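Novice: So here's entry24.pdb, just PDB, C-alpha atoms, pLDDT in the B column:
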```
ATOM      1  CA  MET A 486     168.028  56.495 126.452  1.00 40.00           C
ATOM      2  CA  CYS A 487     171.031  58.787 126.198  1.00 49.00           C
ATOM      3  CA  SER A 488     173.058  59.403 123.076  1.00 48.00           C
ATOM      4  CA  TYR A 489     176.163  61.533 122.793  1.00 46.00           C
ATOM      5  CA  ASN A 490     178.387  62.817 120.019  1.00 41.00           C
ATOM      6  CA  ARG A 491     181.836  62.972 121.627  1.00 41.00           C
ATOM      7  CA  ILE A 492     182.978  66.020 119.692  1.00 36.00           C
ATOM      8  CA  ASN A 493     180.447  68.864 119.602  1.00 41.00           C
ATOM      9  CA  GLY A 494     177.061  67.245 119.419  1.00 47.00           C
ATOM     10  CA  THR A 495     174.009  66.767 121.571  1.00 51.00           C
ATOM     11  CA  TYR A 496     173.763  64.547 124.617  1.00 54.00           C
ATOM     12  CA  ALA A 497     170.041  63.760 124.628  1.00 56.00           C
ATOM     13  CA  CYS A 498     168.644  62.322 127.863  1.00 58.00           C
ATOM     14  CA  GLU A 499     165.159  60.939 128.069  1.00 58.00           C
ATOM     15  CA  VAL A 500     165.387  60.759 131.900  1.00 58.00           C
ATOM     16  CA  ASN A 501     162.512  58.316 132.080  1.00 57.00           C
ATOM     17  CA  GLY A 502     161.393  56.175 134.997  1.00 59.00           C
ATOM     18  CA  ALA A 503     163.430  55.131 138.009  1.00 58.00           C
ATOM     19  CA  THR A 504     166.525  53.848 136.178  1.00 61.00           C
ATOM     20  CA  ALA A 505     169.189  56.353 135.278  1.00 63.00           C
ATOM     21  CA  ASP A 506     169.953  56.779 131.586  1.00 64.00           C
ATOM     22  CA  VAL A 507     173.714  56.316 131.538  1.00 72.00           C
ATOM     23  CA  ILE A 508     176.385  56.473 128.903  1.00 73.00           C
ATOM     24  CA  ALA A 509     179.676  54.979 130.042  1.00 76.00           C
ATOM     25  CA  ALA A 510     183.049  55.996 128.673  1.00 78.00           C
ATOM     26  CA  THR A 511     186.722  55.675 129.500  1.00 83.00           C
ATOM     27  CA  ASP A 512     187.391  59.314 128.634  1.00 83.00           C
ATOM     28  CA  LEU A 513     184.498  61.739 128.180  1.00 81.00           C
ATOM     29  CA  THR A 514     185.037  64.920 126.161  1.00 79.00           C
ATOM     30  CA  LEU A 515     182.413  67.666 126.091  1.00 78.00           C
ATOM     31  CA  GLY A 516     183.190  70.071 123.260  1.00 70.00           C
ATOM     32  CA  ALA A 517     182.558  73.808 123.215  1.00 69.00           C
ATOM     33  CA  ALA A 518     179.195  73.329 121.482  1.00 70.00           C
ATOM     34  CA  SER A 519     177.996  70.313 123.475  1.00 75.00           C
ATOM     35  CA  VAL A 520     174.313  70.537 124.420  1.00 77.00           C
ATOM     36  CA  LEU A 521     172.350  68.541 127.004  1.00 80.00           C
ATOM     37  CA  ASN A 522     168.709  68.162 125.959  1.00 78.00           C
ATOM     38  CA  VAL A 523     166.406  66.753 128.625  1.00 78.00           C
ATOM     39  CA  THR A 524     163.460  65.361 126.675  1.00 72.00           C
ATOM     40  CA  ASN A 525     161.454  63.805 129.506  1.00 67.00           C
ATOM     41  CA  THR A 526     161.368  64.798 133.153  1.00 67.00           C
ATOM     42  CA  SER A 527     159.893  61.762 134.892  1.00 67.00           C
ATOM     43  CA  GLY A 528     161.977  59.928 137.483  1.00 68.00           C
ATOM     44  CA  THR A 529     163.859  61.071 140.560  1.00 73.00           C
ATOM     45  CA  PHE A 530     166.648  63.624 140.870  1.00 77.00           C
ATOM     46  CA  PRO A 531     169.543  63.963 141.131  1.00 81.00           C
ATOM     47  CA  ARG A 532     170.347  61.086 138.810  1.00 81.00           C
ATOM     48  CA  VAL A 533     173.452  59.795 137.057  1.00 83.00           C
ATOM     49  CA  ILE A 534     173.484  60.535 133.325  1.00 81.00           C
ATOM     50  CA  ALA A 535     177.072  59.582 132.537  1.00 83.00           C
ATOM     51  CA  THR A 536     179.914  57.600 134.031  1.00 82.00           C
ATOM     52  CA  TYR A 537     183.558  57.507 133.044  1.00 84.00           C
ATOM     53  CA  SER A 538     186.651  55.752 134.334  1.00 87.00           C
ATOM     54  CA  GLY A 539     189.209  58.050 132.747  1.00 87.00           C
ATOM     55  CA  THR A 540     189.242  61.811 132.242  1.00 87.00           C
ATOM     56  CA  LEU A 541     186.364  64.262 131.873  1.00 85.00           C
ATOM     57  CA  THR A 542     187.159  67.239 129.644  1.00 83.00           C
ATOM     58  CA  GLY A 543     184.898  70.284 129.338  1.00 81.00           C
ATOM     59  CA  THR A 544     181.316  70.941 130.398  1.00 81.00           C
ATOM     60  CA  PHE A 545     178.020  71.214 128.552  1.00 80.00           C
ATOM     61  CA  ALA A 546     177.763  74.603 126.857  1.00 76.00           C
ATOM     62  CA  THR A 547     173.954  74.525 127.159  1.00 78.00           C
ATOM     63  CA  VAL A 548     171.621  72.599 129.456  1.00 82.00           C
ATOM     64  CA  THR A 549     167.829  72.459 129.126  1.00 81.00           C
ATOM     65  CA  SER A 550     166.227  75.203 131.234  1.00 78.00           C
ATOM     66  CA  GLY A 551     165.125  74.039 134.677  1.00 81.00           C
ATOM     67  CA  PHE A 552     168.020  71.618 135.121  1.00 84.00           C
ATOM     68  CA  THR A 553     171.620  71.874 136.194  1.00 83.00           C
ATOM     69  CA  VAL A 554     174.570  69.496 135.917  1.00 86.00           C
ATOM     70  CA  ASP A 555     176.903  68.481 138.739  1.00 85.00           C
ATOM     71  CA  TYR A 556     180.332  67.397 137.505  1.00 84.00           C
ATOM     72  CA  THR A 557     182.233  67.257 140.782  1.00 80.00           C
ATOM     73  CA  SER A 558     180.224  65.694 143.619  1.00 78.00           C
ATOM     74  CA  THR A 559     181.109  62.113 142.756  1.00 86.00           C
ATOM     75  CA  PRO A 560     184.320  61.227 140.881  1.00 89.00           C
ATOM     76  CA  GLY A 561     183.572  59.413 137.652  1.00 90.00           C
ATOM     77  CA  GLN A 562     179.939  60.535 137.499  1.00 89.00           C
ATOM     78  CA  ILE A 563     177.941  63.362 135.944  1.00 87.00           C
ATOM     79  CA  LEU A 564     174.693  64.097 137.770  1.00 85.00           C
ATOM     80  CA  LEU A 565     171.576  65.815 136.475  1.00 84.00           C
ATOM     81  CA  THR A 566     169.692  67.898 139.040  1.00 84.00           C
ATOM     82  CA  GLU A 567     166.227  69.359 138.697  1.00 83.00           C
ATOM     83  CA  GLY A 568     166.189  73.133 139.189  1.00 84.00           C
ATOM     84  CA  THR A 569     168.516  75.933 138.165  1.00 87.00           C
ATOM     85  CA  ALA A 570     172.137  76.269 139.144  1.00 86.00           C
ATOM     86  CA  TYR A 571     171.041  79.045 141.510  1.00 92.00           C
ATOM     87  CA  ASP A 572     168.603  76.670 143.247  1.00 89.00           C
ATOM     88  CA  THR A 573     171.368  74.115 143.673  1.00 85.00           C
ATOM     89  CA  TRP A 574     173.721  76.771 145.062  1.00 90.00           C
ATOM     90  CA  ALA A 575     171.140  78.123 147.532  1.00 93.00           C
ATOM     91  CA  THR A 576     170.427  74.602 148.788  1.00 87.00           C
ATOM     92  CA  SER A 577     174.155  73.895 149.152  1.00 88.00           C
ATOM     93  CA  LYS A 578     174.428  77.027 151.324  1.00 93.00           C
ATOM     94  CA  GLY A 579     171.656  75.831 153.628  1.00 93.00           C
ATOM     95  CA  LEU A 580     169.182  78.517 152.567  1.00 94.00           C
ATOM     96  CA  THR A 581     165.475  77.692 152.761  1.00 94.00           C
ATOM     97  CA  GLY A 582     162.156  79.538 152.475  1.00 94.00           C
ATOM     98  CA  PRO A 583     162.259  83.332 152.027  1.00 96.00           C
ATOM     99  CA  ALA A 584     165.971  83.371 152.912  1.00 97.00           C
ATOM    100  CA  ALA A 585     166.669  81.429 149.696  1.00 95.00           C
ATOM    101  CA  ALA A 586     165.059  84.027 147.423  1.00 96.00           C
ATOM    102  CA  PHE A 587     167.241  85.526 144.696  1.00 97.00           C
ATOM    103  CA  ASP A 588     166.825  89.074 146.021  1.00 97.00           C
ATOM    104  CA  ALA A 589     167.015  88.186 149.743  1.00 98.00           C
ATOM    105  CA  ASP A 590     169.967  89.192 151.932  1.00 98.00           C
ATOM    106  CA  PRO A 591     169.834  86.832 154.937  1.00 97.00           C
ATOM    107  CA  ASP A 592     173.303  87.795 156.220  1.00 97.00           C
ATOM    108  CA  ASN A 593     172.543  91.541 155.979  1.00 96.00           C
ATOM    109  CA  ASP A 594     175.831  92.404 154.303  1.00 96.00           C
ATOM    110  CA  GLY A 595     174.076  94.564 151.707  1.00 96.00           C
ATOM    111  CA  ILE A 596     174.608  92.008 148.917  1.00 97.00           C
ATOM    112  CA  SER A 597     171.618  90.049 147.621  1.00 97.00           C
ATOM    113  CA  ASN A 598     171.779  86.285 147.209  1.00 97.00           C
ATOM    114  CA  GLY A 599     171.781  86.651 143.424  1.00 97.00           C
ATOM    115  CA  LEU A 600     174.891  88.806 143.530  1.00 98.00           C
ATOM    116  CA  GLU A 601     176.533  86.518 146.092  1.00 97.00           C
ATOM    117  CA  PHE A 602     175.927  83.628 143.677  1.00 97.00           C
ATOM    118  CA  VAL A 603     177.713  85.522 140.904  1.00 97.00           C
ATOM    119  CA  LEU A 604     180.562  86.863 143.033  1.00 97.00           C
ATOM    120  CA  GLY A 605     181.224  83.628 144.940  1.00 96.00           C
ATOM    121  CA  GLY A 606     180.037  84.891 148.312  1.00 97.00           C
ATOM    122  CA  GLU A 607     178.686  83.193 151.423  1.00 97.00           C
ATOM    123  CA  PRO A 608     175.038  84.236 151.997  1.00 97.00           C
ATOM    124  CA  ASN A 609     174.208  82.230 155.110  1.00 97.00           C
ATOM    125  CA  PRO A 610     174.960  84.018 158.405  1.00 96.00           C
ATOM    126  CA  ALA A 611     175.277  80.608 160.067  1.00 95.00           C
ATOM    127  CA  ASN A 612     178.354  79.844 157.950  1.00 93.00           C
ATOM    128  CA  PRO A 613     181.835  81.363 158.395  1.00 91.00           C
ATOM    129  CA  GLY A 614     182.767  84.343 156.269  1.00 91.00           C
ATOM    130  CA  SER A 615     179.247  85.465 155.477  1.00 94.00           C
ATOM    131  CA  ASN A 616     180.236  89.102 155.050  1.00 94.00           C
ATOM    132  CA  SER A 617     181.072  89.111 151.347  1.00 95.00           C
ATOM    133  CA  SER A 618     181.880  92.814 150.952  1.00 95.00           C
ATOM    134  CA  ALA A 619     185.502  91.992 150.058  1.00 96.00           C
ATOM    135  CA  LEU A 620     184.212  90.321 146.877  1.00 97.00           C
ATOM    136  CA  LEU A 621     182.415  93.390 145.549  1.00 97.00           C
ATOM    137  CA  PRO A 622     183.490  94.685 142.112  1.00 98.00           C
ATOM    138  CA  THR A 623     186.296  97.210 141.918  1.00 98.00           C
ATOM    139  CA  LEU A 624     186.371 100.472 139.989  1.00 96.00           C
ATOM    140  CA  SER A 625     189.420 102.355 138.746  1.00 96.00           C
ATOM    141  CA  LEU A 626     190.561 104.815 136.079  1.00 95.00           C
ATOM    142  CA  SER A 627     192.995 103.921 133.313  1.00 95.00           C
ATOM    143  CA  GLY A 628     193.736 106.614 130.766  1.00 92.00           C
ATOM    144  CA  GLY A 629     190.386 107.796 129.507  1.00 94.00           C
ATOM    145  CA  ASN A 630     188.512 104.699 130.705  1.00 97.00           C
ATOM    146  CA  MET A 631     186.562 103.705 133.776  1.00 97.00           C
ATOM    147  CA  VAL A 632     187.530 100.100 134.526  1.00 98.00           C
ATOM    148  CA  PHE A 633     184.988  97.888 136.277  1.00 98.00           C
ATOM    149  CA  THR A 634     186.265  94.460 137.400  1.00 98.00           C
ATOM    150  CA  TYR A 635     184.334  91.616 139.008  1.00 98.00           C
ATOM    151  CA  ASN A 636     184.496  87.875 139.581  1.00 97.00           C
ATOM    152  CA  ARG A 637     181.816  85.671 137.989  1.00 96.00           C
ATOM    153  CA  THR A 638     181.456  82.086 139.176  1.00 93.00           C
ATOM    154  CA  ASP A 639     181.296  79.444 136.474  1.00 89.00           C
ATOM    155  CA  ALA A 640     177.953  78.233 137.810  1.00 87.00           C
ATOM    156  CA  SER A 641     176.365  81.688 137.407  1.00 91.00           C
ATOM    157  CA  ALA A 642     177.544  82.404 133.855  1.00 90.00           C
ATOM    158  CA  TYR A 643     174.183  81.277 132.440  1.00 86.00           C
ATOM    159  CA  LEU A 644     172.571  84.381 134.010  1.00 92.00           C
ATOM    160  CA  ASN A 645     174.685  86.598 131.734  1.00 93.00           C
ATOM    161  CA  PRO A 646     175.439  89.334 134.294  1.00 97.00           C
ATOM    162  CA  THR A 647     175.819  92.786 132.751  1.00 98.00           C
ATOM    163  CA  VAL A 648     177.512  96.034 133.712  1.00 98.00           C
ATOM    164  CA  GLU A 649     175.585  99.279 133.413  1.00 98.00           C
ATOM    165  CA  PHE A 650     177.012 102.806 133.525  1.00 98.00           C
ATOM    166  CA  ASN A 651     175.750 106.355 133.884  1.00 97.00           C
ATOM    167  CA  THR A 652     177.016 109.877 134.465  1.00 96.00           C
ATOM    168  CA  GLY A 653     174.772 110.193 137.538  1.00 95.00           C
ATOM    169  CA  LEU A 654     172.749 108.057 139.926  1.00 94.00           C
ATOM    170  CA  SER A 655     169.416 108.994 138.409  1.00 92.00           C
ATOM    171  CA  GLY A 656     168.054 108.689 134.902  1.00 92.00           C
ATOM    172  CA  SER A 657     168.682 105.916 132.386  1.00 95.00           C
ATOM    173  CA  TRP A 658     171.586 103.509 132.724  1.00 98.00           C
ATOM    174  CA  THR A 659     173.413 102.175 129.673  1.00 98.00           C
ATOM    175  CA  THR A 660     174.440  98.531 129.308  1.00 98.00           C
ATOM    176  CA  ALA A 661     178.097  97.992 128.473  1.00 98.00           C
ATOM    177  CA  VAL A 662     178.453  96.029 125.227  1.00 98.00           C
ATOM    178  CA  ASP A 663     181.474  94.889 123.254  1.00 97.00           C
ATOM    179  CA  PRO A 664     181.770  95.724 120.420  1.00 96.00           C
ATOM    180  CA  GLY A 665     179.946  98.980 120.903  1.00 96.00           C
ATOM    181  CA  ASN A 666     180.435 101.324 123.830  1.00 97.00           C
ATOM    182  CA  SER A 667     182.943  99.310 125.894  1.00 98.00           C
ATOM    183  CA  THR A 668     185.719  96.735 125.848  1.00 98.00           C
ATOM    184  CA  ILE A 669     185.024  93.562 127.797  1.00 98.00           C
ATOM    185  CA  SER A 670     187.642  90.920 128.563  1.00 97.00           C
ATOM    186  CA  GLU A 671     187.351  87.656 130.465  1.00 95.00           C
ATOM    187  CA  VAL A 672     190.050  85.567 132.110  1.00 95.00           C
ATOM    188  CA  ASP A 673     188.900  81.986 132.591  1.00 88.00           C
ATOM    189  CA  GLY A 674     189.357  80.434 135.988  1.00 86.00           C
ATOM    190  CA  THR A 675     187.959  77.756 138.281  1.00 80.00           C
ATOM    191  CA  PRO A 676     185.563  78.231 139.985  1.00 86.00           C
ATOM    192  CA  SER A 677     185.397  81.905 138.918  1.00 92.00           C
ATOM    193  CA  ASP A 678     186.276  83.981 135.876  1.00 94.00           C
ATOM    194  CA  THR A 679     187.556  87.544 136.085  1.00 97.00           C
ATOM    195  CA  VAL A 680     185.574  89.985 133.946  1.00 98.00           C
ATOM    196  CA  THR A 681     186.973  93.437 133.152  1.00 98.00           C
ATOM    197  CA  VAL A 682     184.815  96.107 131.517  1.00 98.00           C
ATOM    198  CA  SER A 683     186.544  99.260 130.212  1.00 98.00           C
ATOM    199  CA  ILE A 684     184.163 102.154 129.558  1.00 98.00           C
ATOM    200  CA  PRO A 685     185.343 105.422 127.955  1.00 97.00           C
ATOM    201  CA  THR A 686     184.615 108.396 130.178  1.00 96.00           C
ATOM    202  CA  SER A 687     184.290 110.669 127.112  1.00 94.00           C
ATOM    203  CA  GLY A 688     185.410 113.596 129.240  1.00 93.00           C
ATOM    204  CA  ASN A 689     182.576 113.277 131.767  1.00 94.00           C
ATOM    205  CA  PRO A 690     183.702 114.461 135.220  1.00 92.00           C
ATOM    206  CA  HIS A 691     181.584 111.828 137.001  1.00 93.00           C
ATOM    207  CA  MET A 692     180.943 108.209 135.991  1.00 95.00           C
ATOM    208  CA  PHE A 693     179.139 105.426 137.823  1.00 97.00           C
ATOM    209  CA  ALA A 694     178.892 101.710 137.121  1.00 98.00           C
ATOM    210  CA  ARG A 695     176.923  98.815 138.588  1.00 97.00           C
ATOM    211  CA  LEU A 696     176.622  95.061 138.181  1.00 98.00           C
ATOM    212  CA  LYS A 697     173.164  93.838 137.153  1.00 97.00           C
ATOM    213  CA  VAL A 698     171.990  90.252 137.599  1.00 97.00           C
ATOM    214  CA  VAL A 699     168.459  89.105 136.749  1.00 96.00           C
ATOM    215  CA  GLU A 700     166.994  85.812 137.963  1.00 92.00           C
ATOM    216  CA  GLU A 701     166.204  83.302 135.245  1.00 79.00           C
ATOM    217  CA  PRO A 702     162.385  82.971 134.966  1.00 66.00           C
TER     218      PRO A 702
END
```
With the file now loaded, output its structure as structure tokens.
Specialist:
Amino acid sequence: MCSYNRINGTYACEVNGATADVIAATDLTLGAASVLNVTNTSGTFPRVIATYSGTLTGTFATVTSGFTVDYTSTPGQILLTEGTAYDTWATSKGLTGPAAAFDADPDNDGISNGLEFVLGGEPNPANPGSNSSALLPTLSLSGGNMVFTYNRTDASAYLNPTVEFNTGLSGSWTTAVDPGNSTISEVDGTPSDTVTVSIPTSGNPHMFARLKVVEEP
């Protein structure tokens, strides 16, 4: 059984047996605090959890760990898929076995699959455009700040990528936080957001920054 509060509530899916638990609506609105709780994992996946004949607005802010939601494959349907959004992405790119690992680099462009997932790259050397170096973050100076800019796909936002900085390549790196030691701004987009991190140089003659992404356990 599925139940859903159309404003900012919880869409609770039992996901039980072979029949999809479906809520049908003309227009379906998922508010900024909408949560999808999967309370039982029997049955087959992917499976339809909602249908609508009108307009879908928004996405679930939180989905139970181990599952991901597909809003776009079939018009008028929301699908629940077992596995993380990274798993779904790797499968969609045709990656299997060791080549599908988060830290693998099957196209040898120097960018791991996990980073390609965040940046919107193509990791499979069998597909066109697999060299994703053009998508790497950019670094510039503005006044007394080092400005680190990168694209973050909507699907990867749940990994909470972070930017770390240091005055050298060795020693401890510091995580950029706002408020705190940096200013972080985000420009929403589809399918990627633009994230800009401004870090004061504090008069240091050398500054380094890097993008850190950790696989969800």
Novice: Residues at most 8 Å from Leu644 of chain A, counting only C-alpha atoms, excluding those fewer than 3 positions away in the same chain, as a VMD selection string?
Specialist: chain A and resid 641 698 to 701
Novice: Which residues, written as a list in words, have at least one atom at most 6 Å from Gly605 of chain A, with all atoms listed in the file counted and residues fewer than 3 positions away on the same chain left out?
Specialist: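 What passes the distance filter is Glu601, Phe602 and Thr638 of chain A.
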Novice: Counting all atoms listed in the file, find the residues whose atoms lie at most 7 Å from (177.3, 92.3, 132.8) (file coordinates) and write them out as a PDB file with C-alpha atoms, in the frame of the given file.
Specialist:
```pdb
ATOM      1  CA  ASN A 645     174.685  86.598 131.734  1.00 93.00           C
ATOM      2  CA  PRO A 646     175.439  89.334 134.294  1.00 97.00           C
ATOM      3  CA  THR A 647     175.819  92.786 132.751  1.00 98.00           C
ATOM      4  CA  VAL A 648     177.512  96.034 133.712  1.00 98.00           C
ATOM      5  CA  LEU A 696     176.622  95.061 138.181  1.00 98.00           C
ATOM      6  CA  LYS A 697     173.164  93.838 137.153  1.00 97.00           C
TER       7      LYS A 697
END
```
Novice: Tell me which protein, DNA and RNA residues are within 10 Å of Ile669 of chain A, counting all atoms listed in the file, leaving out same-chain ones fewer than 3 positions away, and put them as a list of chain:residue names.
Specialist: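 In the requested form, the answer reads A:Val632, A:Phe633, A:Thr634, A:Val648, A:Ala661, A:Val662, A:Asp663, A:Pro664, A:Asn666, A:Val680, A:Thr681, A:Val682, A:Ser683, A:Ile684.
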Novice: Quick check on the file I pasted: which residues fall under the PyMOL selection byres ((chain A and resi 531) around 10)? Write them as a list in words.
Specialist: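 Here the PyMOL selection byres ((chain A and resi 531) around 10) matches Ala505, Gly528, Thr529, Phe530, Arg532, Val533, Ile534, Phe552, Thr553, Val554, Asp555, Ile563, Leu564, Leu565, Thr566, Glu567 and Gly568 of chain A.
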Novice: Please write the residues picked by the PyMOL selection byres ((chain A and resi 676) around 8) on this file as a JSON list (two decimals) with C-alpha atoms, in the frame of the given file.
Specialist:
```
[["chain", "number", "residue", "atom", "x", "y", "z"],
["A", 638, "THR", "CA", 181.46, 82.09, 139.18],
["A", 639, "ASP", "CA", 181.30, 79.44, 136.47],
["A", 640, "ALA", "CA", 177.95, 78.23, 137.81],
["A", 674, "GLY", "CA", 189.36, 80.43, 135.99],
["A", 675, "THR", "CA", 187.96, 77.76, 138.28],
["A", 677, "SER", "CA", 185.40, 81.90, 138.92],
["A", 678, "ASP", "CA", 186.28, 83.98, 135.88]]
```
Novice: So what do you get for atom CA of Thr540 of chain A versus atom CA of Leu515 of chain A, distance-wise?
Specialist: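 One can read the atom CA of Thr540 of chain A to atom CA of Leu515 of chain A distance as 10.9 Å.
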Novice: Show me, as a count of residues only, the residues that have an atom within 12 Å of Gly539 of chain A when counting only C-alpha atoms, minus same-chain residues fewer than 3 positions from it.
Specialist: 11
Novice: Can you list, as a ChimeraX atom specification, every protein, DNA or RNA residue that comes within 12 Å of Ala585 of chain A when you count only C-alpha atoms, leaving out same-chain residues fewer than 2 positions away?
Specialist: /A:571-583,587-592,597-599,601-602,608-609
Novice: Suppose you want the space between atom CA of Trp658 of chain A and atom CA of Leu604 of chain A; what is it in Å?
Specialist: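 Those two atoms sit 21.5 Å apart.
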Novice: Any chance you could work out the residue set of the PyMOL selection byres ((chain A and resi 631) around 9) here, as number ranges by chain?
Specialist: A: 624-630, 632-633, 682-686, 692-694
Novice: Considering only C-alpha atoms, state which residue in the set A:Ile596, A:Asp673, A:Thr559, A:Arg695 is at the smallest distance from Glu649 of chain A.
Specialist: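 Checking each of A:Ile596, A:Asp673, A:Thr559, A:Arg695 against Glu649 of chain A, counting only C-alpha atoms, the winner is A:Arg695.
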Novice: Please report the interatomic distance between atom CA of Thr544 of chain A and atom CA of Ala570 of chain A in Å with one decimal.
Specialist: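 Computing it gives 13.8 Å between the two atoms.
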Novice: Taking into account only C-alpha atoms, which residue in the set A:Val603, A:Ser558, A:Ser519, A:Val507 is nearest to Ala642 of chain A?
Specialist: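 Under the stated criterion, the closest residue is A:Val603.
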Novice: Which of these, A:Thr524, A:Gly606, A:Ser538, A:Asn689, has the shortest distance to Asn651 of chain A once you count only C-alpha atoms?
Specialist: A:Asn689
Novice: Mind giving me the axis-aligned box for segment 626-636 of chain A with 4 Å on every side, centre plus edges in Å to one decimal, as JSON?
Specialist:
```
{"center_x": 189.0, "center_y": 97.8, "center_z": 134.5, "size_x": 17.4, "size_y": 27.9, "size_z": 18.1}
```
Novice: Rebuild N, CA and C atoms on segment 576-588 of chain A, as a JSON list (two decimals), in the coordinates of the input?
Specialist:
```json
[["chain", "number", "residue", "atom", "x", "y", "z"],
["A", 576, "THR", "N", 170.59, 75.80, 147.95],
["A", 576, "THR", "CA", 170.43, 74.60, 148.79],
["A", 576, "THR", "C", 171.76, 74.21, 149.42],
["A", 577, "SER", "N", 172.83, 74.28, 148.64],
["A", 577, "SER", "CA", 174.16, 73.90, 149.15],
["A", 577, "SER", "C", 174.61, 74.82, 150.27],
["A", 578, "LYS", "N", 174.08, 76.06, 150.28],
["A", 578, "LYS", "CA", 174.43, 77.03, 151.32],
["A", 578, "LYS", "C", 173.52, 76.93, 152.54],
["A", 579, "GLY", "N", 172.55, 76.02, 152.49],
["A", 579, "GLY", "CA", 171.66, 75.83, 153.63],
["A", 579, "GLY", "C", 170.55, 76.86, 153.70],
["A", 580, "LEU", "N", 170.23, 77.51, 152.58],
["A", 580, "LEU", "CA", 169.18, 78.52, 152.57],
["A", 580, "LEU", "C", 167.84, 77.86, 152.24],
["A", 581, "THR", "N", 166.81, 78.23, 152.99],
["A", 581, "THR", "CA", 165.48, 77.69, 152.76],
["A", 581, "THR", "C", 164.45, 78.82, 152.89],
["A", 582, "GLY", "N", 163.25, 78.58, 152.34],
["A", 582, "GLY", "CA", 162.16, 79.54, 152.48],
["A", 582, "GLY", "C", 162.51, 80.90, 151.91],
["A", 583, "PRO", "N", 161.99, 81.98, 152.52],
["A", 583, "PRO", "CA", 162.26, 83.33, 152.03],
["A", 583, "PRO", "C", 163.75, 83.68, 151.99],
["A", 584, "ALA", "N", 164.53, 83.08, 152.87],
["A", 584, "ALA", "CA", 165.97, 83.37, 152.91],
["A", 584, "ALA", "C", 166.68, 82.89, 151.66],
["A", 585, "ALA", "N", 166.05, 81.97, 150.91],
["A", 585, "ALA", "CA", 166.67, 81.43, 149.70],
["A", 585, "ALA", "C", 166.30, 82.22, 148.45],
["A", 586, "ALA", "N", 165.48, 83.25, 148.58],
["A", 586, "ALA", "CA", 165.06, 84.03, 147.42],
["A", 586, "ALA", "C", 166.24, 84.73, 146.77],
["A", 587, "PHE", "N", 166.16, 84.93, 145.48],
["A", 587, "PHE", "CA", 167.24, 85.53, 144.70],
["A", 587, "PHE", "C", 167.60, 86.92, 145.20],
["A", 588, "ASP", "N", 166.58, 87.70, 145.59],
["A", 588, "ASP", "CA", 166.82, 89.07, 146.02],
["A", 588, "ASP", "C", 166.90, 89.23, 147.54]]
```
